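Next up, run.txt (compact mmCIF, C-alpha atoms):
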# COMPACT_ATOMS: atom_id res chain seq x y z
CA MET F 9 54.30 240.54 -0.24
CA PRO F 10 56.04 237.17 -0.61
CA ARG F 11 58.86 236.50 1.80
CA THR F 12 61.94 234.70 0.58
CA HIS F 13 64.00 232.34 2.69
CA VAL F 14 67.66 233.38 2.72
CA SER F 15 70.59 231.32 4.01
CA CYS F 16 73.99 232.91 4.37
CA THR F 17 76.94 233.29 6.73
CA VAL F 18 77.03 236.36 8.95
CA ASN F 19 80.07 237.01 11.15
CA GLY F 20 81.03 233.35 10.90
CA ASP F 21 77.62 231.94 11.81
CA GLU F 22 75.24 230.18 9.45
CA VAL F 23 71.99 232.12 9.54
CA ASP F 24 68.57 231.81 7.96
CA PHE F 25 66.00 234.55 7.73
CA LEU F 26 62.88 235.53 5.86
CA ALA F 27 62.70 238.81 4.00
CA SER F 28 60.41 240.48 1.52
CA ASP F 29 61.98 240.66 -1.92
CA ASP F 30 62.08 244.46 -1.86
CA THR F 31 63.75 244.60 1.55
CA SER F 32 67.31 245.87 1.54
CA LEU F 33 69.97 243.64 3.03
CA LEU F 34 70.60 246.46 5.50
CA ASP F 35 67.03 246.33 6.77
CA ALA F 36 67.18 242.53 6.98
CA LEU F 37 70.40 242.65 9.00
CA ARG F 38 68.94 245.22 11.37
CA ASP F 39 65.32 244.07 11.64
CA GLU F 40 65.50 240.30 11.12
CA LEU F 41 68.93 239.53 12.60
CA GLY F 42 69.18 242.31 15.17
CA LEU F 43 72.55 243.47 13.88
CA ILE F 44 72.15 247.21 14.20
CA GLY F 45 75.80 248.19 13.77
CA ALA F 46 75.43 249.03 10.09
CA LYS F 47 73.44 252.26 9.80
CA GLU F 48 71.27 253.79 7.15
CA GLY F 49 72.58 257.25 6.37
CA CYS F 50 71.50 258.04 2.83
CA GLY F 51 70.02 254.79 1.56
CA THR F 52 71.50 255.45 -1.87
CA GLY F 53 75.12 254.28 -1.61
CA ASP F 54 76.66 257.70 -1.07
CA CYS F 55 77.57 257.75 2.63
CA GLY F 56 78.91 254.29 3.45
CA ALA F 57 77.34 254.09 6.93
CA CYS F 58 75.88 250.71 5.96
CA SER F 59 79.20 249.25 4.77
CA ILE F 60 79.59 245.51 5.26
CA LEU F 61 81.91 242.94 3.72
CA VAL F 62 80.44 240.51 1.23
CA ASP F 63 82.88 237.68 0.54
CA GLY F 64 85.61 239.99 1.84
CA ARG F 65 84.73 242.95 -0.38
CA VAL F 66 83.22 246.16 0.97
CA ASN F 67 79.64 246.81 -0.14
CA CYS F 68 76.79 249.12 0.81
CA ALA F 69 74.14 246.91 2.44
CA CYS F 70 71.53 249.51 1.50
CA LEU F 71 72.22 248.82 -2.19
CA MET F 72 71.59 245.10 -1.94
CA PHE F 73 68.26 243.33 -1.92
CA ALA F 74 68.10 240.91 1.00
CA PRO F 75 67.68 237.78 -1.20
CA GLU F 76 70.98 238.63 -2.92
CA ALA F 77 72.78 237.53 0.24
CA GLU F 78 71.90 233.87 -0.41
CA GLY F 79 75.02 231.74 -0.02
CA HIS F 80 77.34 234.67 0.63
CA ASP F 81 79.71 235.30 3.52
CA LEU F 82 78.90 238.59 5.26
CA LEU F 83 80.81 240.50 7.88
CA THR F 84 79.36 243.39 9.84
CA VAL F 85 81.04 245.53 12.49
CA GLU F 86 79.65 243.13 15.11
CA GLY F 87 81.97 240.45 13.71
CA MET F 88 85.20 242.45 13.97
CA ALA F 89 86.04 241.91 17.63
CA THR F 90 87.32 238.53 18.83
CA GLY F 91 85.42 237.80 22.02
CA GLU F 92 86.27 240.61 24.43
CA HIS F 93 89.19 241.76 22.31
CA LEU F 94 88.47 244.64 19.99
CA HIS F 95 89.92 244.57 16.49
CA PRO F 96 92.99 246.84 16.31
CA LEU F 97 91.00 249.25 14.16
CA GLN F 98 88.31 249.50 16.83
CA GLN F 99 90.95 250.07 19.50
CA THR F 100 92.84 252.72 17.54
CA PHE F 101 89.59 254.51 16.64
CA LEU F 102 88.81 254.68 20.37
CA GLU F 103 92.28 255.78 21.38
CA GLY F 104 92.63 258.21 18.51
CA ALA F 105 89.19 259.78 19.08
CA ALA F 106 88.32 258.94 15.49
CA LEU F 107 84.62 259.30 16.21
CA GLN F 108 82.29 261.78 17.77
CA CYS F 109 78.63 260.99 17.13
CA GLY F 110 79.52 257.49 15.96
CA ILE F 111 76.92 257.00 13.25
CA CYS F 112 79.50 256.59 10.51
CA THR F 113 81.94 254.55 12.62
CA PRO F 114 80.76 250.99 11.88
CA GLY F 115 80.99 251.72 8.16
CA PHE F 116 84.44 253.28 8.47
CA LEU F 117 85.69 250.31 10.52
CA VAL F 118 84.45 247.77 7.99
CA ALA F 119 85.75 249.75 4.99
CA ALA F 120 89.12 250.21 6.72
CA LYS F 121 89.26 246.47 7.45
CA ALA F 122 88.66 245.73 3.78
CA LEU F 123 91.55 248.04 2.92
CA LEU F 124 94.01 246.58 5.43
CA ASP F 125 93.06 242.99 4.60
CA GLU F 126 94.12 243.65 1.03
CA ASN F 127 96.81 246.28 1.51
CA PRO F 128 98.48 245.99 4.93
CA GLU F 129 100.70 249.03 4.39
CA PRO F 130 98.59 251.66 2.65
CA THR F 131 99.86 255.18 2.08
CA GLU F 132 97.82 258.07 3.46
CA THR F 133 96.57 258.74 -0.06
CA GLU F 134 95.49 255.13 -0.47
CA ILE F 135 93.65 255.29 2.85
CA ARG F 136 91.86 258.47 1.85
CA TYR F 137 90.79 257.03 -1.50
CA ALA F 138 89.73 253.73 0.06
CA LEU F 139 87.54 255.61 2.55
CA ALA F 140 86.16 258.09 0.01
CA GLY F 141 82.84 256.23 0.08
CA ASN F 142 82.40 256.85 3.80
CA LEU F 143 81.20 260.24 4.99
CA CYS F 144 81.79 261.71 8.45
CA ARG F 145 80.27 265.00 9.57
CA CYS F 146 82.17 265.22 12.87
CA THR F 147 85.84 264.41 12.74
CA GLY F 148 87.17 266.10 9.64
CA TYR F 149 88.60 262.67 8.71
CA ASP F 150 92.11 263.33 9.93
CA LYS F 151 91.77 261.34 13.15
CA ILE F 152 90.18 258.49 11.20
CA VAL F 153 93.10 258.37 8.76
CA ARG F 154 95.64 258.49 11.63
CA SER F 155 93.82 255.69 13.43
CA VAL F 156 93.86 253.49 10.33
CA GLN F 157 97.58 254.17 9.97
CA GLU F 158 98.16 253.21 13.61
CA ALA F 159 96.09 250.04 13.25
CA ALA F 160 98.12 249.09 10.18
CA VAL F 161 101.32 249.42 12.22
CA GLN F 162 99.88 247.31 15.04
CA LEU F 163 98.58 244.62 12.70
CA LYS F 164 101.93 244.45 10.98
CA GLY F 165 103.67 244.09 14.34
CA ALA F 166 101.23 241.38 15.40
CA ALA F 167 101.79 239.47 12.17
CA LYS F 168 105.53 239.14 12.86
CA MET D 29 58.01 243.35 -6.44
CA LYS D 30 59.46 239.87 -6.77
CA TYR D 31 63.14 238.90 -7.01
CA VAL D 32 64.57 236.06 -9.09
CA ALA D 33 68.15 235.00 -9.74
CA PRO D 34 68.38 232.80 -12.83
CA THR D 35 71.56 230.76 -13.32
CA SER D 36 71.60 230.69 -17.12
CA VAL D 37 71.06 233.12 -19.96
CA ASP D 38 68.22 230.96 -21.27
CA GLU D 39 66.47 230.98 -17.91
CA ALA D 40 66.77 234.77 -17.81
CA ARG D 41 65.35 235.06 -21.33
CA SER D 42 62.32 232.98 -20.35
CA LEU D 43 61.70 235.00 -17.20
CA LEU D 44 61.78 238.26 -19.17
CA ALA D 45 59.58 236.86 -21.95
CA ASP D 46 57.01 235.53 -19.48
CA ASN D 47 56.92 238.62 -17.26
CA PRO D 48 56.27 241.90 -19.03
CA GLY D 49 57.27 244.77 -16.76
CA SER D 50 60.26 242.91 -15.38
CA ARG D 51 63.70 244.44 -15.27
CA VAL D 52 67.20 242.99 -15.19
CA PHE D 53 69.80 244.35 -12.81
CA ALA D 54 73.46 243.81 -11.94
CA GLY D 55 74.74 245.90 -9.03
CA ALA D 56 71.49 247.83 -8.41
CA THR D 57 73.59 250.92 -7.69
CA ASP D 58 71.28 252.92 -9.95
CA LEU D 59 68.11 250.80 -9.59
CA ILE D 60 67.75 251.12 -5.81
CA PRO D 61 68.32 254.90 -5.67
CA GLN D 62 65.80 255.28 -8.52
CA MET D 63 63.22 253.23 -6.64
CA ARG D 64 63.91 255.23 -3.48
CA SER D 65 63.44 258.49 -5.34
CA GLY D 66 59.91 257.41 -6.21
CA ARG D 67 60.15 255.69 -9.57
CA PRO D 68 57.71 252.79 -9.69
CA ALA D 69 59.28 249.46 -8.79
CA PRO D 70 59.25 246.81 -11.52
CA SER D 71 56.94 243.84 -10.86
CA LEU D 72 59.89 241.47 -11.17
CA ILE D 73 63.61 242.13 -10.84
CA VAL D 74 65.96 239.66 -12.47
CA ASP D 75 69.38 239.44 -10.80
CA LEU D 76 71.96 238.60 -13.49
CA LYS D 77 74.86 237.96 -11.10
CA ARG D 78 74.16 234.23 -10.64
CA ILE D 79 74.89 233.59 -14.32
CA ASP D 80 78.56 232.66 -14.60
CA GLN D 81 79.04 234.19 -18.05
CA LEU D 82 77.64 237.52 -16.87
CA ILE D 83 80.20 237.94 -14.09
CA ALA D 84 83.27 236.55 -15.87
CA LEU D 85 86.30 238.31 -17.30
CA GLY D 86 88.05 236.23 -19.93
CA HIS D 87 90.78 236.51 -22.53
CA ASP D 88 91.01 234.03 -25.38
CA ALA D 89 92.29 234.03 -28.94
CA GLY D 90 93.04 237.72 -29.12
CA SER D 91 89.81 238.91 -27.60
CA TRP D 92 88.54 239.89 -24.16
CA SER D 93 85.08 239.03 -22.94
CA ILE D 94 83.73 241.12 -20.09
CA GLY D 95 80.57 239.89 -18.37
CA ALA D 96 77.93 242.60 -18.48
CA ALA D 97 77.32 242.27 -14.73
CA ALA D 98 80.95 241.75 -13.67
CA PRO D 99 81.85 244.27 -10.96
CA THR D 100 84.07 247.04 -12.25
CA SER D 101 86.54 246.24 -9.46
CA MET D 102 87.19 242.97 -11.31
CA LEU D 103 88.45 245.00 -14.27
CA THR D 104 90.59 247.42 -12.28
CA ARG D 105 92.15 244.51 -10.34
CA ASP D 106 93.07 242.58 -13.49
CA ALA D 107 96.65 243.48 -14.38
CA GLY D 108 96.44 242.17 -17.96
CA PHE D 109 93.22 243.98 -18.74
CA SER D 110 94.42 247.20 -17.13
CA ALA D 111 97.70 247.08 -19.05
CA MET D 112 95.94 246.66 -22.38
CA PHE D 113 93.12 249.15 -21.73
CA PRO D 114 94.52 251.53 -19.10
CA GLY D 115 92.02 254.26 -19.95
CA LEU D 116 89.01 251.97 -19.72
CA SER D 117 90.36 250.57 -16.45
CA GLU D 118 90.82 254.13 -15.13
CA ALA D 119 87.27 254.99 -16.13
CA ALA D 120 85.93 251.88 -14.39
CA GLY D 121 87.90 252.89 -11.32
CA LEU D 122 86.27 256.32 -11.21
CA ILE D 123 82.69 255.05 -10.79
CA GLY D 124 81.79 255.89 -7.19
CA SER D 125 83.52 254.44 -4.16
CA ASP D 126 85.10 251.04 -3.49
CA GLN D 127 81.68 250.05 -2.16
CA ILE D 128 80.10 250.95 -5.50
CA GLN D 129 82.86 249.44 -7.62
CA ASN D 130 82.34 246.05 -6.00
CA ARG D 131 78.80 246.20 -7.45
CA SER D 132 78.83 248.50 -10.49
CA SER D 133 79.22 246.94 -13.93
CA LEU D 134 79.90 247.99 -17.50
CA GLY D 135 76.49 246.63 -18.51
CA GLY D 136 74.74 248.65 -15.84
CA ASN D 137 76.76 251.79 -16.48
CA LEU D 138 75.88 251.59 -20.18
CA CYS D 139 72.19 250.64 -19.88
CA ASN D 140 71.44 253.17 -17.15
CA ALA D 141 72.14 255.51 -20.06
CA SER D 142 73.33 258.51 -18.08
CA PRO D 143 75.07 261.00 -20.38
CA ALA D 144 77.79 261.22 -17.71
CA ALA D 145 78.53 257.47 -17.43
CA ASP D 146 82.29 257.24 -16.93
CA SER D 147 83.00 253.92 -18.64
CA VAL D 148 81.05 254.60 -21.84
CA PRO D 149 83.44 256.98 -23.69
CA SER D 150 86.31 254.54 -23.11
CA MET D 151 84.21 251.56 -24.19
CA ILE D 152 83.39 253.35 -27.44
CA ALA D 153 86.96 254.54 -27.98
CA ASN D 154 88.12 250.92 -27.67
CA GLY D 155 85.48 249.64 -30.07
CA LEU D 156 83.75 247.36 -27.58
CA GLN D 157 80.88 245.28 -28.92
CA ALA D 158 77.85 244.37 -26.84
CA VAL D 159 76.59 240.80 -27.15
CA ILE D 160 72.86 241.07 -26.51
CA ALA D 161 70.51 238.20 -25.64
CA SER D 162 67.62 238.73 -28.01
CA GLY D 163 64.71 236.39 -28.56
CA ASP D 164 66.11 232.86 -28.71
CA GLY D 165 69.56 233.98 -29.85
CA THR D 166 72.00 236.82 -29.58
CA ARG D 167 72.75 239.91 -31.59
CA THR D 168 75.82 242.10 -31.50
CA ALA D 169 75.85 245.89 -31.46
CA ALA D 170 78.58 248.47 -31.15
CA VAL D 171 78.50 250.07 -27.71
CA ALA D 172 78.06 253.42 -29.44
CA ASP D 173 74.71 252.20 -30.79
CA VAL D 174 73.23 251.09 -27.45
CA VAL D 175 72.43 254.43 -25.80
CA THR D 176 69.99 256.61 -27.74
CA GLY D 177 69.40 259.39 -25.21
CA PRO D 178 69.31 260.10 -21.48
CA GLY D 179 67.83 256.97 -19.86
CA GLN D 180 67.05 255.49 -23.29
CA THR D 181 68.63 252.51 -25.04
CA SER D 182 68.10 250.65 -28.28
CA LEU D 183 67.48 247.39 -26.39
CA ALA D 184 64.01 245.98 -26.98
CA ASP D 185 61.83 244.59 -24.20
CA GLY D 186 63.26 241.28 -23.06
CA GLU D 187 66.75 241.98 -24.40
CA PHE D 188 69.74 242.27 -22.11
CA ILE D 189 73.51 242.52 -22.59
CA VAL D 190 75.32 239.25 -21.85
CA GLU D 191 78.89 240.42 -22.30
CA PHE D 192 81.15 242.87 -24.05
CA THR D 193 83.91 241.82 -26.38
CA ALA D 194 87.08 243.81 -27.01
CA ALA D 195 89.75 242.81 -29.49
CA ASP D 196 93.35 242.92 -28.30
CA THR D 197 94.88 246.27 -29.15
CA PRO D 198 97.35 246.44 -32.06
CA ALA D 199 101.01 247.15 -31.29
CA ASN D 200 101.83 250.63 -29.98
CA THR D 201 98.24 251.35 -29.05
CA SER D 202 96.93 252.74 -25.79
CA ASP D 203 94.15 254.82 -24.31
CA ALA D 204 93.44 257.32 -21.57
CA TYR D 205 90.38 258.71 -19.82
CA LEU D 206 90.16 261.98 -17.92
CA ARG D 207 87.19 263.25 -15.98
CA MET D 208 86.47 266.65 -14.47
CA ILE D 209 84.59 266.74 -11.17
CA PRO D 210 84.61 269.48 -8.53
CA ARG D 211 85.73 267.01 -5.83
CA THR D 212 88.56 264.47 -5.89
CA GLU D 213 86.23 261.45 -5.63
CA MET D 214 82.60 260.38 -5.49
CA ASP D 215 81.03 262.75 -7.98
CA ILE D 216 79.45 262.66 -11.40
CA ALA D 217 81.40 263.80 -14.45
CA VAL D 218 81.08 267.42 -15.56
CA VAL D 219 83.06 266.35 -18.60
CA GLY D 220 84.77 263.09 -19.51
CA ALA D 221 87.20 262.52 -22.38
CA ALA D 222 88.50 259.20 -23.73
CA VAL D 223 91.24 258.97 -26.34
CA ARG D 224 92.77 255.90 -27.93
CA LEU D 225 95.77 256.15 -30.27
CA THR D 226 97.88 253.82 -32.38
CA ILE D 227 101.34 255.06 -33.27
CA ASP D 228 103.21 253.65 -36.25
CA GLY D 229 106.80 254.77 -36.74
CA GLY D 230 106.34 257.94 -34.69
CA VAL D 231 103.15 258.90 -36.52
CA ILE D 232 99.59 258.47 -35.27
CA SER D 233 97.93 255.98 -37.57
CA ASP D 234 94.62 255.54 -35.77
CA ALA D 235 92.78 257.80 -33.33
CA SER D 236 89.53 257.67 -31.44
CA VAL D 237 88.22 260.59 -29.36
CA VAL D 238 84.98 260.26 -27.40
CA LEU D 239 83.48 262.74 -24.92
CA GLY D 240 81.01 262.14 -22.10
CA ALA D 241 78.66 264.40 -20.11
CA VAL D 242 78.60 267.09 -22.82
CA ALA D 243 75.64 265.86 -24.90
CA PRO D 244 72.58 263.60 -24.51
CA THR D 245 74.83 260.61 -25.29
CA ALA D 246 78.57 260.06 -25.45
CA VAL D 247 79.86 261.72 -28.63
CA SER D 248 82.69 260.81 -30.95
CA VAL D 249 84.73 263.71 -32.30
CA PRO D 250 85.72 262.90 -35.91
CA ASP D 251 87.39 266.29 -36.42
CA ALA D 252 89.69 265.66 -33.47
CA GLU D 253 90.44 262.17 -34.78
CA ALA D 254 91.28 263.66 -38.21
CA ALA D 255 93.60 266.19 -36.58
CA LEU D 256 95.41 263.41 -34.71
CA ASN D 257 95.73 261.05 -37.64
CA GLY D 258 99.10 261.61 -39.28
CA ALA D 259 100.45 263.78 -36.47
CA THR D 260 103.95 262.99 -35.26
CA VAL D 261 104.61 261.92 -31.68
CA ASP D 262 108.01 262.96 -30.43
CA GLY D 263 109.19 261.75 -27.03
CA GLY D 264 105.64 260.79 -26.11
CA THR D 265 104.32 264.26 -26.91
CA ILE D 266 101.99 265.50 -29.62
CA ASP D 267 102.80 268.89 -31.17
CA ASP D 268 100.99 271.99 -29.93
CA ALA D 269 99.25 272.79 -33.20
CA THR D 270 97.66 269.34 -33.33
CA LEU D 271 96.60 269.54 -29.70
CA ALA D 272 95.05 272.95 -30.30
CA ALA D 273 93.07 271.48 -33.18
CA VAL D 274 91.97 268.56 -30.96
CA ALA D 275 90.80 270.95 -28.26
CA GLU D 276 88.94 273.14 -30.73
CA ALA D 277 87.21 270.14 -32.31
CA ALA D 278 86.27 268.70 -28.91
CA SER D 279 84.77 271.99 -27.73
CA ALA D 280 82.84 272.30 -30.99
CA ALA D 281 81.44 268.76 -30.68
CA CYS D 282 79.78 269.51 -27.35
CA ASN D 283 76.06 269.97 -27.05
CA PRO D 284 75.89 270.36 -23.29
CA ILE D 285 73.32 271.56 -20.79
CA ASP D 286 73.61 274.09 -17.99
CA ASP D 287 73.14 272.40 -14.65
CA LYS D 288 74.38 272.54 -11.09
CA ARG D 289 77.58 270.74 -12.08
CA GLY D 290 78.64 273.11 -14.83
CA THR D 291 77.57 275.66 -17.39
CA ILE D 292 77.52 275.18 -21.15
CA VAL D 293 80.48 277.53 -21.59
CA TYR D 294 82.47 275.78 -18.88
CA ARG D 295 81.76 272.31 -20.24
CA ARG D 296 82.85 273.31 -23.76
CA GLN D 297 86.08 274.78 -22.46
CA VAL D 298 86.90 271.81 -20.22
CA ALA D 299 86.07 269.28 -22.96
CA GLY D 300 88.82 270.79 -25.11
CA VAL D 301 91.34 270.80 -22.29
CA LEU D 302 90.62 267.20 -21.26
CA ALA D 303 90.64 265.92 -24.86
CA LYS D 304 94.11 267.27 -25.55
CA ARG D 305 95.48 266.12 -22.20
CA ALA D 306 94.01 262.64 -22.67
CA ALA D 307 95.48 262.54 -26.18
CA ASN D 308 98.93 263.29 -24.82
CA ILE D 309 98.64 260.63 -22.11
CA ALA D 310 97.48 258.05 -24.66
CA ALA D 311 100.36 259.02 -26.98
CA GLN D 312 102.89 258.65 -24.19
CA ARG D 313 101.53 255.24 -23.26
CA ALA D 314 101.33 254.06 -26.85
CA GLN D 315 104.86 255.15 -27.62
CA ASN D 316 106.20 253.53 -24.47
CA GLY D 317 104.64 250.27 -25.54
CA ALA D 318 101.94 250.30 -22.88
Starting from the file, lay out its structure as structure tokens.
Amino acid sequence: MPRTHVSCTVNGDEVDFLASDDTSLLDALRDELGLIGAKEGCGTGDCGACSILVDGRVNCACLMFAPEAEGHDLLTVEGMATGEHLHPLQQTFLEGAALQCGICTPGFLVAAKALLDENPEPTETEIRYALAGNLCRCTGYDKIVRSVQEAAVQLKGAAK
Amino acid sequence: MKYVAPTSVDEARSLLADNPGSRVFAGATDLIPQMRSGRPAPSLIVDLKRIDQLIALGHDAGSWSIGAAAPTSMLTRDAGFSAMFPGLSEAAGLIGSDQIQNRSSLGGNLCNASPAADSVPSMIANGLQAVIASGDGTRTAAVADVVTGPGQTSLADGEFIVEFTAADTPANTSDAYLRMIPRTEMDIAVVGAAVRLTIDGGVISDASVVLGAVAPTAVSVPDAEAALNGATVDGGTIDDATLAAVAEAASAACNPIDDKRGTIVYRRQVAGVLAKRAANIAAQRAQNGA
């Protein structure tokens, strides 16, 4: 199997890696770059556990071939914190108990970041629609939605 | 399996001509799940998203051009496009999650040839044309003529859709798309109904009614269109007798299957209900100058 050289930006760093053409970007992130935050739930784009940002837009890394990342700017959950400081979404998820087993959490955090980056004051309905592509078997979603709402308030306060 | 990303239509043509067994893709939102479910992988996959024309949305001289691989989120985010084709924009916005809509495309939704494809009834109702790279040139086909059956298209080996073109709508024209799924999001249509209407002096002068997920391909409903043509629209509402005729014609046009998503009887019933509701929404929009 030929391996293709891929250059892209991941969490602000220029990276290069080699990947077989039929490797998913998710597998390349996890196996070549050691970024194991994004998870494989379904592998078919239904569950959102592998959500990452590609040029600021939320995507399922399981539905991308690794060579497609060439030249693109990727963000995984590992890139959300600033040094020791968690992103407000990460902090509110912790404080709001918006996770139990945690498998879906990286995907929810990234998808919620995509929402708040574009729409800093979403309604509850907008939050629920924006997170419809992320499945959680533990929380019943309510604590996730509340935590996103709280993070939106904090981000808005911080922006003033 | 090998991956290539040509940067021009001509380069893509050559790759397809030189590599029998290759396959083009846009968002891969159908391709990857199909490969994972055990379908044999193509020997070569040709990524169309590095070709500027394929991922562009343009409006010039009274016509829209929609790149075949442009993500559907590009359509739903475009205020001008969504104002002119609100039903098609709604349909594009119903394909999967935000994650999917940043990858899914009209070209992929059409050529995957699922009977339940959400964007296809609205594309047909709006008369979209597919510009197809074919041999050394291009040919144009109505969207309605592209899908021939479940998973089957009229595209020959080596052909691929470059873009869709859509003429600006006439005055007092609008469309609507409604879909029935058992959940609120993230499911595949049990029934879809697209209606486009033109209203002239309070009377419907042109009507297009197209159903999805109720037959092997999307189906136009000429009897419903005939019932709508000439009907009066008063205060954005179509009269009950006309709507009853639309519903009856839509139900009669169905040739559905029983499956886990719905029975034949249920699909026929819902097709009628959605067709008349979509007609009323389109009429309201058209009369309000949407």
Give me, as CSV, the closest atom pair and its distance (Å, one decimal) for every residue of chain D within a cut-off of 10 Å of chain F, counting only C-alpha atoms, rows sorted by chain and rising number.
residue,atom,partner,partner_atom,distance
D:Met29,CA,F:Asp30,CA,6.2
D:Lys30,CA,F:Asp29,CA,5.5
D:Tyr31,CA,F:Asp29,CA,5.5
D:Val32,CA,F:Pro75,CA,8.7
D:Ala33,CA,F:Glu76,CA,8.2
D:Gly55,CA,F:Met72,CA,7.8
D:Ala56,CA,F:Leu71,CA,6.3
D:Thr57,CA,F:Leu71,CA,6.0
D:Asp58,CA,F:Thr52,CA,8.5
D:Leu59,CA,F:Leu71,CA,8.7
D:Ile60,CA,F:Leu71,CA,6.2
D:Pro61,CA,F:Thr52,CA,5.0
D:Gln62,CA,F:Thr52,CA,8.8
D:Met63,CA,F:Thr52,CA,9.8
D:Arg64,CA,F:Thr52,CA,7.8
D:Ser65,CA,F:Thr52,CA,9.3
D:Ala69,CA,F:Asp30,CA,9.0
D:Leu72,CA,F:Asp29,CA,9.5
D:Ile73,CA,F:Asp29,CA,9.2
D:Asp75,CA,F:Glu76,CA,8.1
D:Lys77,CA,F:Glu76,CA,9.1
D:Arg78,CA,F:Glu76,CA,9.4
D:Ser101,CA,F:Arg65,CA,9.8
D:Gly124,CA,F:Gly141,CA,7.4
D:Ser125,CA,F:Gly141,CA,4.7
D:Asp126,CA,F:Ala138,CA,6.4
D:Gln127,CA,F:Asn67,CA,4.3
D:Ile128,CA,F:Asn67,CA,6.8
D:Gln129,CA,F:Asn67,CA,8.6
D:Asn130,CA,F:Asn67,CA,6.5
D:Arg131,CA,F:Asn67,CA,7.4
D:Thr212,CA,F:Tyr137,CA,8.9
D:Glu213,CA,F:Ala140,CA,6.6
D:Met214,CA,F:Ala140,CA,6.9
D:Asp215,CA,F:Asp54,CA,9.6
As AutoDock Vina command-line options: centre and edge lengths in Å, one decimal, of the axis-aligned box holding stretch 44-58 of chain D with 3 Å per side:
--center_x 65.5 --center_y 244.2 --center_z -14.8 --size_x 24.5 --size_y 23.4 --size_z 20.3
For this session: For stretch 81-96 of chain F, please output as a PyMOL selection string all residues within 10 Å (counting all atoms listed in the file; exclusion window: fewer than 2 positions along the same chain).
Result: chain F and resi 15-22+37+43-46+58-67+69+77-79+98-102+113-119+121+155-156+158-163+166
Problem set entry | Computed interatomic separation between atom CA of D:Asp106 and atom CA of D:Gly317 (Å) | 18.4 Å
Problem set entry | Distance of atom CA of D:Ile123 from atom CA of D:Val301, expressed in Å to one decimal place |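 Computed distance, atom CA of D:Val301 to atom CA of D:Ile123, equals 21.3 Å.
Residue nearest D:Thr166 within the list D:Asp267, D:Asp80, D:Glu191, D:Asp185: D:Glu191 [criterion: smallest interatomic distance, all atoms listed in the file].
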Exercise. Quick one, how far is atom CA of D:Arg313 from atom CA of D:Ala204?
Worked result: 8.5 Å
Problem set entry | Shell around stretch 302-308 of chain D at 10 Å using only C-alpha atoms, local window under 4 positions removed, as a ChimeraX atom specification | /D:115,202-208,219-225,235-239,249,252-253,256,261,264-268,270-279,297-298,312-314
For this session: For D:Ser117, work out the shell of residues within 10 Å, counting all atoms listed in the file and skipping chain neighbours fewer than 3 positions away, then give it as a VMD selection string.
Result: chain D and resid 100 to 107 109 to 114 120 to 122 147 150 to 151 203 to 205
For this session: Kindly indicate which residue among D:Ala54, D:Ile79, D:Ile152, D:Val74 lies nearest to D:Gly135, using only C-alpha atoms for the distances.
Result: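 Answer, going by the shortest atom-to-atom distance: D:Ala54.
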Exercise. Looking at F:Leu107, F:Pro130, F:Leu26, F:Gly165, which one is nearest to F:Gly148, with distances taken over all atoms listed in the file?
Worked result: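 Closest to F:Gly148, using all atoms listed in the file: F:Leu107.
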